[in-house]
Amino acid sequence: MFNIRTRRATVALVASFALLGLAACGGGSEEPTPQKTSSSEPAPTEPAAASASQPSWAKPATEVGDKISTFKAGDITVDAYQVGITKATKSGQFVDPETNKPIIAEGDDIVFVNYVITNNGAPIDLGFSLVNITARYADWKFMQGMDSVVDRALFEEQKVNSDVLAPGAFKDPGVYTLGKGETYSVGANFRYQKNSPLNFAVTATPVDAKGDLLHDKRLEGKGAGTIK
């Protein structure tokens, strides 16, 4: 990580790459205070529930890695798994403005995590961002979220989904119903820091029939784990 003491640095974009579900980050601007919150809850290492059903619009969920956290947003549960460590095949998308060097350089170690998302409550209509999950190391110094490497081949090697929608599932308006008991998964990567505490944040904003966000019904939660 970078030592920035004298001022808060804003991470600059090296490249802009918008990919639905990649790194489990959804687009959109800041949203109002959520209606419902929940806190993290520790969970033992175990595989995600294999009996959960799959929404027709999602790619098959993958169940890989060692569980490092479980957290909730309303009735939506997220199980986070540490999958594997590999080398970055290219630089990441951000640079440190003080050094003008990439936060992730080609050849750096990156770690993959797999998020398994399950709806345990009533069906919920979600927009293009689906369930939005972000992860930050506890000592992360930058205002923006953590950098990642965009490379589909790496996601395939780690057996995690780089995006969520199944072929042909895109529609406009973007209304995707996550039914009770249904599960999907998506992967993410960031710079590897051994034995580092990690904080998670999750939000889920329902949409109406036109795909417009229902901000007053937004759900959010937090979790914590440790990258081994």
# chains A, B, ... in the order shown; residues from 1 in each chain; ligands from 1
call {"tool": "residues_around", "arguments": {"residues": "region 195-197 of chain A", "least_positions_apart": "3", "cutoff": "12 Å", "atoms": "only C-alpha atoms", "output": "count of residues only"}}
result
20
call {"tool": "closest_atom_pairs", "arguments": {"of": "region 71-128 of chain A", "to": "region 175-181 of chain A", "cutoff": "8 Å", "atoms": "only C-alpha atoms", "output": "CSV"}}
result
residue,atom,partner,partner_atom,distance
A:Thr118,CA,A:Gly181,CA,6.3
A:Asn119,CA,A:Gly181,CA,5.4
A:Asn120,CA,A:Gly181,CA,5.3
A:Gly121,CA,A:Lys180,CA,5.3
A:Ala122,CA,A:Lys180,CA,5.3
A:Pro123,CA,A:Gly179,CA,4.1
A:Ile124,CA,A:Leu178,CA,5.4
A:Asp125,CA,A:Thr177,CA,4.3
A:Leu126,CA,A:Tyr176,CA,5.1
A:Gly127,CA,A:Val175,CA,5.2
A:Phe128,CA,A:Val175,CA,7.4
call {"tool": "atom_distance", "arguments": {"atom1": "CA of Lys159 (chain A)", "atom2": "CA of Asp75 (chain A)"}}
result
26.7 Å
call {"tool": "closest_residue", "arguments": {"among": "A:Ala73, A:Ala61, A:Ala169, A:Leu198", "to": "Lys222 (chain A)", "atoms": "only C-alpha atoms"}}
result
A:Ala73
call {"tool": "select_by_dssp", "arguments": {"residues": "region 17-211 of chain A", "states": "strand (DSSP E or B)", "output": "NGL selection string"}}
result
:A and (36-38 or 41 or 53 or 58 or 66-73 or 76-87 or 94-96 or 101-102 or 109-119 or 124-137 or 165 or 176-178 or 182-191 or 196-207)
call {"tool": "atom_distance", "arguments": {"atom1": "CA of Leu214 (chain A)", "atom2": "CA of Thr70 (chain A)"}}
result
25.4 Å
call {"tool": "closest_residue", "arguments": {"among": "A:Gln93, A:Gly174, A:Gly221, A:Val186", "to": "Glu63 (chain A)", "atoms": "only C-alpha atoms"}}
result
A:Val186
call {"tool": "closest_residue", "arguments": {"among": "A:Ala209, A:Ile117, A:Ala166, A:Val95", "to": "Val131 (chain A)", "atoms": "only C-alpha atoms"}}
result
A:Ile117
